[in-house]
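Trainee: Have a peek at target_39.txt (compact mmCIF, C-alpha atoms).
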# COMPACT_ATOMS: atom_id res chain seq x y z
CA MET A 1 5.94 5.51 -5.04
CA LYS A 2 9.41 4.03 -5.23
CA ARG A 3 9.57 0.48 -4.03
CA THR A 4 13.32 0.29 -3.41
CA HIS A 5 15.39 3.25 -2.46
CA ALA A 6 18.02 4.28 0.01
CA ILE A 7 17.12 6.87 2.59
CA ALA A 8 18.83 10.21 2.39
CA ALA A 9 21.27 11.18 5.09
CA PHE A 10 19.62 11.94 8.38
CA SER A 11 20.51 13.20 11.83
CA ALA A 12 23.17 11.13 13.55
CA ALA A 13 21.07 11.22 16.68
CA LEU A 14 18.56 8.94 14.95
CA VAL A 15 20.97 6.44 13.49
CA VAL A 16 21.28 3.07 15.16
CA ALA A 17 23.50 0.52 13.46
CA GLY A 18 21.25 -2.54 13.31
CA VAL A 19 18.72 -3.88 15.81
CA THR A 20 19.57 -6.35 18.51
CA GLY A 21 17.38 -7.39 21.38
CA CYS A 22 14.99 -4.47 20.88
CA SER A 23 12.17 -5.95 22.91
CA GLY A 24 14.41 -6.20 25.92
CA ALA A 25 15.66 -2.62 25.98
CA GLY A 26 14.91 -0.39 28.95
CA GLY A 27 12.41 -1.32 31.66
CA GLY A 28 11.16 -4.89 31.63
CA GLU A 29 7.60 -4.51 32.97
CA THR A 30 4.66 -5.40 30.72
CA GLY A 31 2.49 -2.59 32.16
CA THR A 32 2.81 1.17 31.75
CA ASP A 33 3.75 2.35 35.24
CA GLY A 34 7.36 2.38 34.11
CA PRO A 35 9.96 3.28 33.72
CA VAL A 36 9.54 1.59 30.31
CA THR A 37 11.44 2.14 27.09
CA ILE A 38 9.80 0.88 23.92
CA SER A 39 11.34 0.78 20.45
CA ILE A 40 10.03 1.45 16.97
CA MET A 41 11.91 1.00 13.70
CA GLU A 42 11.46 3.16 10.60
CA THR A 43 13.23 2.81 7.27
CA LYS A 44 11.93 5.75 5.20
CA GLN A 45 12.95 9.34 5.81
CA THR A 46 9.41 10.74 5.83
CA ASN A 47 8.42 8.23 8.51
CA ILE A 48 11.58 8.84 10.50
CA ASP A 49 10.95 12.58 10.51
CA ALA A 50 7.26 12.19 11.39
CA ILE A 51 7.83 9.76 14.27
CA ASN A 52 10.77 11.72 15.63
CA LYS A 53 8.60 14.84 15.69
CA VAL A 54 5.83 13.29 17.82
CA ILE A 55 7.95 11.38 20.36
CA PRO A 56 8.43 14.35 22.74
CA GLY A 57 4.69 15.03 22.78
CA PHE A 58 3.92 11.39 23.51
CA GLU A 59 6.42 11.19 26.35
CA ALA A 60 5.03 14.43 27.83
CA GLU A 61 1.47 13.15 27.56
CA MET A 62 2.39 9.91 29.29
CA ALA A 63 4.11 11.86 32.07
CA LYS A 64 0.88 13.82 32.62
CA GLN A 65 -0.88 10.49 33.06
CA GLY A 66 1.73 9.34 35.57
CA LYS A 67 3.34 6.91 33.11
CA ASP A 68 7.08 6.90 32.54
CA ILE A 69 7.32 5.66 28.93
CA LYS A 70 10.21 6.54 26.65
CA VAL A 71 10.53 5.78 22.94
CA ASP A 72 13.68 4.65 21.16
CA LEU A 73 13.41 5.41 17.43
CA ILE A 74 15.58 3.08 15.37
CA ALA A 75 16.40 4.34 11.86
CA ASP A 76 17.94 1.99 9.32
CA GLN A 77 18.62 2.33 5.60
CA LEU A 78 16.71 -0.61 4.14
CA THR A 79 14.64 -1.33 1.07
CA ASP A 80 11.26 -2.93 1.64
CA GLU A 81 12.63 -6.39 0.86
CA GLN A 82 15.66 -5.89 3.11
CA PHE A 83 13.40 -4.76 5.94
CA LYS A 84 11.15 -7.77 5.47
CA THR A 85 14.09 -10.18 5.55
CA LYS A 86 15.73 -8.56 8.57
CA MET A 87 12.53 -8.23 10.55
CA THR A 88 11.49 -11.82 9.85
CA GLN A 89 14.79 -12.97 11.32
CA GLN A 90 14.29 -10.79 14.40
CA LEU A 91 10.70 -11.93 14.89
CA VAL A 92 11.84 -15.54 14.82
CA ALA A 93 14.57 -14.70 17.35
CA GLY A 94 12.26 -12.66 19.58
CA GLN A 95 14.39 -9.55 19.03
CA ALA A 96 12.04 -7.31 17.03
CA PRO A 97 11.16 -3.74 18.05
CA ASP A 98 8.13 -3.31 20.31
CA VAL A 99 6.22 -1.41 17.62
CA LEU A 100 6.37 -2.43 13.96
CA ASP A 101 5.42 -0.16 11.05
CA ILE A 102 4.77 -2.71 8.32
CA GLY A 103 3.17 -3.23 4.91
CA GLU A 104 0.00 -5.19 4.37
CA ASN A 105 1.60 -8.36 2.99
CA MET A 106 3.92 -8.45 5.98
CA ALA A 107 0.96 -8.05 8.33
CA ILE A 108 -0.85 -10.93 6.60
CA ALA A 109 2.12 -13.28 6.59
CA TRP A 110 3.39 -12.48 10.09
CA SER A 111 -0.02 -12.68 11.74
CA ALA A 112 -0.61 -16.07 10.11
CA ALA A 113 2.78 -17.23 11.39
CA GLY A 114 1.94 -16.18 14.96
CA TYR A 115 4.56 -13.42 15.14
CA LEU A 116 2.09 -10.59 15.90
CA THR A 117 -0.13 -10.07 18.93
CA PRO A 118 -3.90 -9.61 18.47
CA LEU A 119 -4.92 -6.02 19.16
CA ASP A 120 -8.66 -6.65 19.66
CA GLU A 121 -8.61 -6.41 23.45
CA TYR A 122 -6.78 -3.07 23.36
CA LEU A 123 -8.92 -1.65 20.56
CA GLU A 124 -12.21 -2.51 22.25
CA LYS A 125 -11.18 -0.40 25.26
CA TRP A 126 -10.09 2.57 23.12
CA ASP A 127 -12.66 5.20 22.15
CA GLY A 128 -10.71 5.96 18.98
CA TRP A 129 -11.58 2.56 17.53
CA SER A 130 -15.22 3.60 17.02
CA HIS A 131 -14.09 6.26 14.53
CA TYR A 132 -12.49 3.86 12.04
CA TYR A 133 -14.47 3.32 8.86
CA PRO A 134 -16.32 -0.03 8.81
CA ALA A 135 -14.66 -0.94 5.49
CA VAL A 136 -11.24 -0.38 7.06
CA LYS A 137 -12.11 -2.55 10.06
CA GLU A 138 -13.22 -5.32 7.73
CA ALA A 139 -10.10 -5.01 5.62
CA ILE A 140 -7.73 -5.46 8.55
CA THR A 141 -9.64 -8.32 10.22
CA ARG A 142 -7.78 -11.52 9.43
CA GLN A 143 -9.18 -14.95 8.69
CA ASP A 144 -9.14 -15.91 12.38
CA GLY A 145 -11.33 -12.90 13.22
CA HIS A 146 -8.57 -10.92 14.93
CA VAL A 147 -7.00 -7.54 14.17
CA TYR A 148 -3.20 -7.53 14.24
CA ASN A 149 -2.31 -4.16 12.72
CA LEU A 150 -3.76 -0.67 12.97
CA PRO A 151 -3.49 1.30 9.71
CA SER A 152 -1.69 4.61 9.98
CA GLY A 153 -3.56 5.68 6.86
CA ALA A 154 -5.54 4.55 3.87
CA GLY A 155 -5.95 5.53 0.28
CA VAL A 156 -7.73 4.92 -2.97
CA GLN A 157 -5.99 3.66 -6.09
CA ASN A 158 -7.32 4.65 -9.49
CA PHE A 159 -6.06 6.22 -12.71
CA PHE A 160 -4.30 9.57 -12.71
CA PHE A 161 -4.42 11.16 -16.17
CA ARG A 162 -2.91 14.14 -17.95
CA LYS A 163 -6.01 16.21 -18.60
CA ASP A 164 -3.95 18.89 -20.32
CA VAL A 165 -2.55 16.49 -22.92
CA LEU A 166 -5.89 14.79 -23.60
CA ASP A 167 -7.53 18.18 -24.05
CA GLU A 168 -4.78 19.22 -26.45
CA VAL A 169 -5.27 16.17 -28.71
CA GLY A 170 -9.06 16.31 -28.48
CA VAL A 171 -9.65 13.14 -26.44
CA GLU A 172 -12.60 12.92 -24.04
CA THR A 173 -11.69 13.32 -20.35
CA SER A 174 -14.94 12.35 -18.62
CA GLN A 175 -15.06 9.15 -16.55
CA PRO A 176 -14.79 6.15 -18.92
CA GLN A 177 -17.53 3.67 -18.05
CA THR A 178 -15.94 0.57 -19.60
CA TRP A 179 -12.49 -0.63 -20.56
CA ASP A 180 -13.57 -0.71 -24.21
CA GLU A 181 -14.28 3.01 -23.94
CA LEU A 182 -10.93 3.72 -22.25
CA ILE A 183 -8.95 1.62 -24.74
CA ASP A 184 -10.62 3.51 -27.61
CA ARG A 185 -9.39 6.77 -26.04
CA LEU A 186 -5.90 5.37 -25.51
CA VAL A 187 -5.66 4.35 -29.16
CA LYS A 188 -6.59 7.91 -30.17
CA VAL A 189 -3.91 9.31 -27.87
CA LYS A 190 -1.33 6.90 -29.30
CA ASP A 191 -2.27 7.84 -32.87
CA ALA A 192 -2.04 11.55 -32.06
CA THR A 193 1.21 11.50 -30.06
CA GLY A 194 3.05 8.28 -30.94
CA ASP A 195 3.31 7.55 -27.22
CA THR A 196 2.51 4.43 -25.22
CA PRO A 197 -0.21 6.18 -23.22
CA ILE A 198 -0.88 4.03 -20.14
CA VAL A 199 1.24 2.43 -17.43
CA ILE A 200 -0.01 -0.26 -15.07
CA PRO A 201 2.57 -2.14 -12.97
CA ALA A 202 3.46 -5.43 -14.66
CA GLY A 203 6.31 -7.92 -14.84
CA THR A 204 8.96 -9.07 -12.40
CA ALA A 205 10.98 -5.85 -12.19
CA TRP A 206 8.15 -4.03 -10.41
CA GLY A 207 8.20 -6.65 -7.64
CA GLY A 208 5.20 -6.79 -5.31
CA GLY A 209 3.77 -3.65 -6.89
CA THR A 210 2.73 -5.67 -9.94
CA TRP A 211 0.17 -7.39 -7.71
CA ASN A 212 -0.62 -4.68 -5.13
CA GLU A 213 -0.77 -1.66 -7.43
CA GLY A 214 -1.41 -3.24 -10.81
CA PHE A 215 -3.19 -6.57 -11.06
CA GLN A 216 -5.13 -6.80 -7.79
CA PRO A 217 -7.01 -3.47 -8.16
CA LEU A 218 -8.15 -4.58 -11.63
CA LEU A 219 -9.10 -8.01 -10.35
CA GLY A 220 -10.96 -6.75 -7.29
CA GLY A 221 -13.33 -4.63 -9.32
CA THR A 222 -14.22 -7.55 -11.56
CA ASP A 223 -14.16 -10.50 -9.19
CA THR A 224 -14.49 -10.37 -5.40
CA GLU A 225 -14.56 -14.14 -4.94
CA TYR A 226 -10.95 -14.99 -5.74
CA TYR A 227 -10.10 -15.43 -2.06
CA ASP A 228 -12.32 -17.47 0.25
CA ARG A 229 -12.01 -16.09 3.78
CA ASP A 230 -13.97 -18.94 5.33
CA SER A 231 -11.54 -21.59 4.15
CA GLY A 232 -8.47 -19.35 3.81
CA THR A 233 -7.90 -20.52 0.24
CA TRP A 234 -7.35 -18.92 -3.17
CA ASP A 235 -9.80 -19.75 -5.97
CA LEU A 236 -7.49 -19.87 -8.98
CA GLN A 237 -10.39 -20.86 -11.25
CA SER A 238 -12.38 -17.74 -10.46
CA PRO A 239 -13.10 -15.99 -13.81
CA GLY A 240 -11.59 -12.62 -12.92
CA TRP A 241 -8.03 -13.89 -13.23
CA LEU A 242 -8.35 -14.68 -16.93
CA ALA A 243 -10.20 -11.43 -17.61
CA VAL A 244 -7.34 -9.36 -16.16
CA PHE A 245 -4.58 -11.34 -17.90
CA GLU A 246 -6.44 -10.83 -21.18
CA LEU A 247 -6.71 -7.10 -20.45
CA TYR A 248 -2.93 -6.89 -19.98
CA ASP A 249 -2.50 -8.80 -23.23
CA GLU A 250 -4.78 -6.43 -25.14
CA LEU A 251 -3.05 -3.31 -23.81
CA ILE A 252 0.39 -4.69 -24.65
CA SER A 253 -0.50 -6.18 -28.04
CA LYS A 254 -2.02 -2.84 -29.13
CA GLY A 255 1.16 -1.00 -28.16
CA LEU A 256 -0.52 0.97 -25.37
CA MET A 257 1.85 -0.07 -22.55
CA PRO A 258 5.57 0.90 -22.35
CA VAL A 259 6.99 -2.63 -22.49
CA GLU A 260 10.66 -1.66 -22.57
CA ASP A 261 10.24 0.65 -19.60
CA LEU A 262 8.38 -2.03 -17.63
CA GLN A 263 11.34 -4.35 -18.13
CA ASN A 264 13.70 -1.70 -16.77
CA PRO A 265 15.28 -2.68 -13.41
CA ASN A 266 13.39 0.21 -11.78
CA PRO A 267 10.32 0.50 -14.03
CA TRP A 268 8.64 3.23 -11.99
CA GLU A 269 11.46 5.65 -12.84
CA PRO A 270 11.10 5.98 -16.64
CA THR A 271 7.30 5.72 -16.43
CA LYS A 272 6.08 7.61 -13.37
CA TYR A 273 9.11 9.82 -12.78
CA VAL A 274 10.00 10.78 -16.36
CA LYS A 275 7.30 10.16 -18.95
CA PHE A 276 4.15 10.94 -16.95
CA PRO A 277 5.56 14.26 -15.65
CA ALA A 278 6.65 15.07 -19.21
CA GLY A 279 3.19 14.21 -20.57
CA ASP A 280 4.59 11.34 -22.66
CA ILE A 281 2.57 8.78 -20.67
CA GLN A 282 -0.90 10.14 -20.21
CA VAL A 283 -2.56 7.64 -17.83
CA ALA A 284 -0.99 5.97 -14.78
CA ALA A 285 -2.37 3.51 -12.23
CA GLN A 286 -1.62 5.24 -8.96
CA GLY A 287 -2.66 5.69 -5.36
CA THR A 288 -3.46 8.71 -3.24
CA TRP A 289 0.22 9.12 -2.37
CA GLY A 290 0.91 10.25 -5.96
CA TRP A 291 -0.33 13.75 -5.20
CA ARG A 292 2.54 14.19 -2.75
CA PHE A 293 5.32 11.63 -3.20
CA ASP A 294 5.41 11.40 -6.97
CA TRP A 295 4.25 14.69 -8.49
CA GLY A 296 3.67 17.16 -5.67
CA PRO A 297 5.99 20.15 -5.02
CA GLU A 298 8.28 17.99 -2.85
CA GLY A 299 7.72 14.74 -4.75
CA ALA A 300 10.10 12.65 -6.83
CA THR A 301 9.33 14.62 -10.00
CA PRO A 302 7.13 17.66 -9.34
CA ILE A 303 4.60 18.64 -12.00
CA GLU A 304 4.19 22.39 -12.09
CA GLY A 305 0.50 23.26 -12.08
CA LEU A 306 -0.34 19.74 -10.92
CA ASP A 307 -3.98 20.44 -10.05
CA GLU A 308 -4.66 22.00 -13.45
CA LYS A 309 -2.83 19.35 -15.49
CA VAL A 310 -3.69 16.12 -13.66
CA SER A 311 -7.00 14.60 -12.66
CA THR A 312 -8.25 11.11 -11.78
CA TRP A 313 -10.63 8.47 -13.08
CA GLN A 314 -12.00 5.50 -11.26
CA TYR A 315 -11.18 2.12 -12.76
CA PRO A 316 -13.69 1.46 -15.56
CA ALA A 317 -15.81 -1.68 -15.75
CA LEU A 318 -14.03 -4.68 -17.26
CA ARG A 319 -16.96 -7.04 -17.78
CA SER A 320 -20.62 -6.51 -18.60
CA GLY A 321 -22.50 -5.47 -15.47
CA ASP A 322 -19.43 -4.10 -13.67
CA GLN A 323 -19.38 -0.46 -12.54
CA PRO A 324 -16.49 2.03 -12.32
CA TYR A 325 -14.83 1.91 -8.90
CA GLY A 326 -11.90 2.96 -6.76
CA TRP A 327 -9.68 0.39 -5.06
CA SER A 328 -9.09 0.77 -1.34
CA SER A 329 -5.54 0.58 -0.09
CA THR A 330 -5.31 0.30 3.70
CA GLY A 331 -1.65 -0.59 3.84
CA GLY A 332 -0.23 -2.34 6.86
CA GLY A 333 0.21 0.06 9.77
CA TYR A 334 1.33 -0.47 13.34
CA ALA A 335 1.66 -3.88 14.97
CA ILE A 336 3.16 -5.38 18.13
CA PRO A 337 5.32 -8.53 18.10
CA GLU A 338 3.85 -11.38 20.11
CA GLN A 339 7.09 -11.75 22.06
CA SER A 340 7.29 -8.09 23.09
CA GLU A 341 7.39 -7.72 26.87
CA LYS A 342 5.95 -4.21 26.69
CA LYS A 343 2.70 -4.62 24.84
CA GLU A 344 0.66 -2.17 26.94
CA ALA A 345 3.22 0.61 26.58
CA ALA A 346 3.58 -0.15 22.87
CA MET A 347 -0.18 0.13 22.44
CA GLU A 348 -0.20 3.49 24.22
CA PHE A 349 2.24 4.76 21.60
CA ILE A 350 0.21 3.28 18.72
CA LYS A 351 -2.95 4.96 20.01
CA TYR A 352 -1.13 8.28 20.28
CA LEU A 353 0.26 7.94 16.75
CA SER A 354 -3.23 7.10 15.47
CA SER A 355 -5.09 10.11 16.88
CA GLY A 356 -5.50 13.86 16.40
CA THR A 357 -2.60 16.07 15.42
CA PRO A 358 0.09 13.33 15.48
CA LEU A 359 -1.95 11.31 12.98
CA ALA A 360 -2.79 14.39 10.89
CA GLU A 361 0.90 15.25 10.58
CA GLN A 362 1.87 11.69 9.60
CA LEU A 363 -0.85 11.43 6.96
CA THR A 364 0.04 14.79 5.48
CA ALA A 365 3.70 13.81 5.32
CA SER A 366 2.98 10.44 3.71
CA GLY A 367 0.19 11.50 1.37
CA ALA A 368 -2.33 9.05 2.84
CA ALA A 369 -6.00 9.47 3.62
CA SER A 370 -7.39 9.02 7.11
CA ALA A 371 -8.80 5.61 7.98
CA ARG A 372 -11.03 7.26 10.59
CA ASP A 373 -13.91 9.71 10.30
CA ASP A 374 -12.91 12.44 12.74
CA LEU A 375 -9.81 13.99 11.19
CA ASP A 376 -11.21 16.30 8.51
CA ASP A 377 -11.02 19.34 10.79
CA VAL A 378 -7.57 18.59 12.22
CA ALA A 379 -4.64 20.55 10.78
CA PRO A 380 -2.54 20.02 8.76
CA TYR A 381 -4.69 17.21 7.31
CA SER A 382 -7.64 19.60 6.98
CA GLU A 383 -5.57 21.67 4.53
CA GLU A 384 -5.10 18.79 2.03
CA PRO A 385 -8.08 18.70 -0.39
CA HIS A 386 -6.83 15.62 -2.27
CA LEU A 387 -6.57 13.63 0.94
CA LEU A 388 -9.96 14.81 2.15
CA GLN A 389 -11.50 13.68 -1.14
CA ALA A 390 -9.74 10.32 -0.91
CA GLY A 391 -11.18 9.87 2.57
CA LYS A 392 -14.68 10.41 1.18
CA ASP A 393 -13.99 8.01 -1.68
CA LEU A 394 -13.12 5.25 0.77
CA ALA A 395 -16.80 4.83 1.56
CA ASP A 396 -17.56 3.67 -2.01
CA SER A 397 -14.32 1.90 -2.89
CA VAL A 398 -13.71 -1.82 -3.39
CA TYR A 399 -11.44 -3.93 -1.23
CA VAL A 400 -11.10 -7.71 -1.07
CA VAL A 401 -9.73 -9.09 2.16
CA THR A 402 -7.09 -11.77 1.58
CA GLY A 403 -4.88 -13.86 3.82
CA ASP A 404 -1.93 -16.21 3.87
CA GLY A 405 -0.38 -16.78 0.46
CA ALA A 406 -0.51 -13.18 -0.81
CA ASP A 407 3.25 -13.11 -1.36
CA GLN A 408 3.09 -16.32 -3.41
CA ILE A 409 0.22 -14.96 -5.49
CA ALA A 410 2.19 -11.76 -6.09
CA GLN A 411 5.18 -13.77 -7.30
CA ALA A 412 3.08 -15.86 -9.69
CA VAL A 413 1.29 -12.79 -11.09
CA SER A 414 4.61 -11.00 -11.68
CA THR A 415 6.04 -13.98 -13.54
CA ALA A 416 2.93 -14.46 -15.67
CA THR A 417 2.63 -10.81 -16.66
CA GLU A 418 6.35 -10.82 -17.51
CA LYS A 419 5.58 -13.51 -20.08
CA ILE A 420 3.05 -11.20 -21.71
CA LEU A 421 5.58 -8.35 -21.74
CA SER A 422 8.21 -10.54 -23.40
CA GLY A 423 5.79 -11.92 -25.99
CA GLU A 424 6.20 -15.42 -24.62
CA ALA A 425 2.50 -15.78 -23.79
CA ASN A 426 -0.89 -14.32 -24.62
CA GLY A 427 -3.48 -13.64 -21.94
CA ARG A 428 -4.85 -17.17 -21.69
CA GLN A 429 -1.40 -18.75 -21.76
CA ALA A 430 -0.24 -16.35 -19.04
CA TYR A 431 -3.26 -17.30 -16.94
CA GLU A 432 -2.55 -21.02 -17.35
CA SER A 433 1.09 -20.43 -16.39
CA PHE A 434 -0.07 -18.42 -13.38
CA VAL A 435 -2.36 -21.22 -12.17
CA LYS A 436 0.48 -23.74 -12.36
CA ASP A 437 3.00 -21.50 -10.58
CA ALA A 438 0.54 -20.32 -7.93
CA THR A 439 -0.56 -23.89 -7.20
CA ASP A 440 3.04 -24.98 -6.71
CA LEU A 441 3.92 -21.95 -4.58
CA LEU A 442 0.82 -22.03 -2.40
CA GLY A 443 0.63 -25.75 -1.82
CA PRO A 444 -2.61 -27.74 -1.61
CA SER A 445 -3.76 -26.30 1.73
CA LEU A 446 -4.10 -22.77 0.30
CA VAL A 447 -5.72 -23.60 -3.05
CA LYS A 448 -9.49 -23.90 -3.21
CA GLN A 449 -10.55 -27.27 -4.62
Translate this file's structure into structure tokens.
Mentor:
Amino acid sequence: MKRTHAIAAFSAALVVAGVTGCSGAGGGETGTDGPVTISIMETKQTNIDAINKVIPGFEAEMAKQGKDIKVDLIADQLTDEQFKTKMTQQLVAGQAPDVLDIGENMAIAWSAAGYLTPLDEYLEKWDGWSHYYPAVKEAITRQDGHVYNLPSGAGVQNFFFRKDVLDEVGVETSQPQTWDELIDRLVKVKDATGDTPIVIPAGTAWGGGTWNEGFQPLLGGTDTEYYDRDSGTWDLQSPGWLAVFELYDELISKGLMPVEDLQNPNPWEPTKYVKFPAGDIQVAAQGTWGWRFDWGPEGATPIEGLDEKVSTWQYPALRSGDQPYGWSSTGGGYAIPEQSEKKEAAMEFIKYLSSGTPLAEQLTASGAASARDDLDDVAPYSEEPHLLQAGKDLADSVYVVTGDGADQIAQAVSTATEKILSGEANGRQAYESFVKDATDLLGPSLVKQ
């Protein structure tokens, strides 16, 4: 999925130029008797459309319950980094919207900084909470034992592959059990086609995706001890780090990764939006959203006959004793700023967004799997076989809960993998550079001794 992009033109009725004093708009009561106006900000067109569609139903439902709650949808054309910068400023100033739709790293950093309100008390009183998968609950519970964000969806990251191309060149398409087995197949594909057959996010141009969508899923299947929840520290000496840096080095040194494309300012475009759809990259690290956003009929670059041409593998084992696995991706989801004066009303909206048809429509629009177990029969989600399968896969997928410092780790990983791309470092040298950078960026309080 694109990490930085401008939103297409949308209805003038949704456009609000900037956000100022959002928490203070409308009624000022903290309860839900009203009248109360709460605000939510969205920056991507699919989210804008989905939220705008459900607002009338929410307001009508609240009216039936005798609650006068209105919703002000704020739409702004921002990249992820622009949104993060702007919203951090507004959180500090106490001017953020009453409901935040945020990514996981933002949820981690802002909860640690005290900008988000704990949702535990609200969730314990809500019957919907019992339907969330235990793995999802664990994933969103922070180091202090509190939940600060409710995922709007979840997914599984693994490898999408061009079954049609591999069949054509006579390469095995069953689940590879080990990385040695997969690399052997990739070499055969390269010899047959002349292509660089696999793309995994790497380098600085991919931004946070190098960590979230590339390195961390590989690391989590090999080493689940790299973050110590009890102490809130990162174990930079944990052996998985070196194993993954050496894997990147092997893939790049054997000419299996598209180095030039990964150094492109928008590396996802030549790789996932040109070469994979054309069959010139045959394997891509990708999440559930790829079926819709990247290659579906309304995606960035539709692949005609997608279901016949593309299939998925779990990540193969990297070290002896490891097993193939999928990597859970819970994302961030909905949160409430600590300084909001309308927490109860905001939570009513979050619960509505996270249940039944409103949730089914959002998940279908965003290409995400349900984080709860009672949506498989709810249309239009029930009509999406890839999402239903991803929901089942969540039960057996791997996820390592992390905490404060994830942004710093992401930066250090991006820089170190860039050195492998440029030929400046091999796997071990990149790992040593990573340890130095991460230690400096994290500071002594976040590094396990």
Trainee: Could you tell me which of A:Gln157, A:Gln282, A:Ser414, A:Thr364 comes closest to Lys309 in chain A if we count all atoms listed in the file?
Mentor: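 Closest to Lys309 in chain A of all the choices is A:Gln282.
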Trainee: For Lys275 in chain A, work out the shell of residues within 12 Å, counting all atoms listed in the file and skipping chain neighbours fewer than 6 positions away, then give it as a list in words.
Mentor: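 Selected residues are Arg162, Asp195, Thr196, Pro197, Ile198, Val199, Pro258, Asp261, Pro267, Trp268, Glu269, Ile281, Gln282, Val283, Ala284, Trp295, Thr301 and Ile303 of chain A.
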Trainee: Report, as lines of an AutoDock Vina configuration file, the axis-aligned box around all atoms of range 266-281 of chain A present in the file, extended by 6 Å on each side; give centre and edge lengths in Å to one decimal place.
Mentor:
center_x = 8.0
center_y = 7.6
center_z = -17.2
size_x = 22.8
size_y = 26.9
size_z = 22.9
Trainee: May I have the residues within 12 Å of Asn52 in chain A as a ChimeraX atom specification, using all atoms listed in the file and disregarding those fewer than 2 positions away in the same chain?
Mentor: /A:10-11,13-15,39-42,45-50,54-59,71-75,353,358,361-362
Trainee: I'd like the contact shell of range 134-140 of chain A - 10 Å cut-off, only C-alpha atoms, skipping same-chain residues fewer than 3 positions apart - returned as a short mmCIF file (atom, residue, chain, number, x, y, z; two decimals) with C-alpha atoms, in the coordinates of the input.
Mentor:
data_model
loop_
_atom_site.label_atom_id
_atom_site.label_comp_id
_atom_site.auth_asym_id
_atom_site.auth_seq_id
_atom_site.Cartn_x
_atom_site.Cartn_y
_atom_site.Cartn_z
CA GLU A 104 0.00 -5.19 4.37
CA ALA A 107 0.96 -8.05 8.33
CA ILE A 108 -0.85 -10.93 6.60
CA TRP A 129 -11.58 2.56 17.53
CA SER A 130 -15.22 3.60 17.02
CA HIS A 131 -14.09 6.26 14.53
CA GLN A 143 -9.18 -14.95 8.69
CA GLY A 145 -11.33 -12.90 13.22
CA HIS A 146 -8.57 -10.92 14.93
CA VAL A 147 -7.00 -7.54 14.17
CA TYR A 148 -3.20 -7.53 14.24
CA ASN A 149 -2.31 -4.16 12.72
CA LEU A 150 -3.76 -0.67 12.97
CA PRO A 151 -3.49 1.30 9.71
CA GLY A 153 -3.56 5.68 6.86
CA ALA A 154 -5.54 4.55 3.87
CA SER A 328 -9.09 0.77 -1.34
CA SER A 329 -5.54 0.58 -0.09
CA THR A 330 -5.31 0.30 3.70
CA GLY A 331 -1.65 -0.59 3.84
CA GLY A 332 -0.23 -2.34 6.86
CA GLY A 333 0.21 0.06 9.77
CA ALA A 371 -8.80 5.61 7.98
CA ARG A 372 -11.03 7.26 10.59
CA LEU A 394 -13.12 5.25 0.77
CA ALA A 395 -16.80 4.83 1.56
CA ASP A 396 -17.56 3.67 -2.01
CA SER A 397 -14.32 1.90 -2.89
CA VAL A 398 -13.71 -1.82 -3.39
CA TYR A 399 -11.44 -3.93 -1.23
CA VAL A 400 -11.10 -7.71 -1.07
CA VAL A 401 -9.73 -9.09 2.16
CA THR A 402 -7.09 -11.77 1.58
#
Trainee: Counting all atoms listed in the file, which of A:Arg319, A:Ala379, A:Glu338, A:Val169 gets nearest to Tyr115 in chain A?
Mentor: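 Ranked by minimum distance to Tyr115 in chain A, first place goes to A:Glu338.
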Trainee: Can you work out the spacing between CA of Trp327 in chain A and CA of Leu218 in chain A in Å, to one decimal?
Mentor: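 Here the two named atoms are 8.4 Å from each other.
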Trainee: Looking at all atoms listed in the file, which of A:Asp120, A:Glu348, A:Glu418, A:Asp144 is the one that sits closest to Val259 in chain A?
Mentor: A:Glu418
Trainee: So, with all atoms listed in the file as the atoms that count, which of A:Pro316, A:Pro337, A:Pro265, A:Pro176 lies closest to Ala205 in chain A?
Mentor: A:Pro265
Trainee: Taking 4 positions as the minimum chain separation for residues in the same chain, which residues sit within 12 Å of Glu181 in chain A when counting all atoms listed in the file? Answer as a PyMOL selection string.
Mentor: chain A and resi 171-177+185-188+315-318+324
Trainee: I'd like the contact shell of Trp206 in chain A - 12 Å cut-off, all atoms listed in the file, skipping same-chain residues fewer than 3 positions apart - returned as a ChimeraX atom specification.
Mentor: /A:1-4,199-203,209-215,261-269,271,410-411,413-415,417-418
Trainee: Write the residues of the selection above to a file with C-alpha atoms, as a compact mmCIF listing (two decimals), in the coordinates of the input.
Mentor:
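Generated file (result.txt):
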# COMPACT_ATOMS: atom_id res chain seq x y z
CA MET A 1 5.94 5.51 -5.04
CA LYS A 2 9.41 4.03 -5.23
CA ARG A 3 9.57 0.48 -4.03
CA THR A 4 13.32 0.29 -3.41
CA VAL A 199 1.24 2.43 -17.43
CA ILE A 200 -0.01 -0.26 -15.07
CA PRO A 201 2.57 -2.14 -12.97
CA ALA A 202 3.46 -5.43 -14.66
CA GLY A 203 6.31 -7.92 -14.84
CA GLY A 209 3.77 -3.65 -6.89
CA THR A 210 2.73 -5.67 -9.94
CA TRP A 211 0.17 -7.39 -7.71
CA ASN A 212 -0.62 -4.68 -5.13
CA GLU A 213 -0.77 -1.66 -7.43
CA GLY A 214 -1.41 -3.24 -10.81
CA PHE A 215 -3.19 -6.57 -11.06
CA ASP A 261 10.24 0.65 -19.60
CA LEU A 262 8.38 -2.03 -17.63
CA GLN A 263 11.34 -4.35 -18.13
CA ASN A 264 13.70 -1.70 -16.77
CA PRO A 265 15.28 -2.68 -13.41
CA ASN A 266 13.39 0.21 -11.78
CA PRO A 267 10.32 0.50 -14.03
CA TRP A 268 8.64 3.23 -11.99
CA GLU A 269 11.46 5.65 -12.84
CA THR A 271 7.30 5.72 -16.43
CA ALA A 410 2.19 -11.76 -6.09
CA GLN A 411 5.18 -13.77 -7.30
CA VAL A 413 1.29 -12.79 -11.09
CA SER A 414 4.61 -11.00 -11.68
CA THR A 415 6.04 -13.98 -13.54
CA THR A 417 2.63 -10.81 -16.66
CA GLU A 418 6.35 -10.82 -17.51
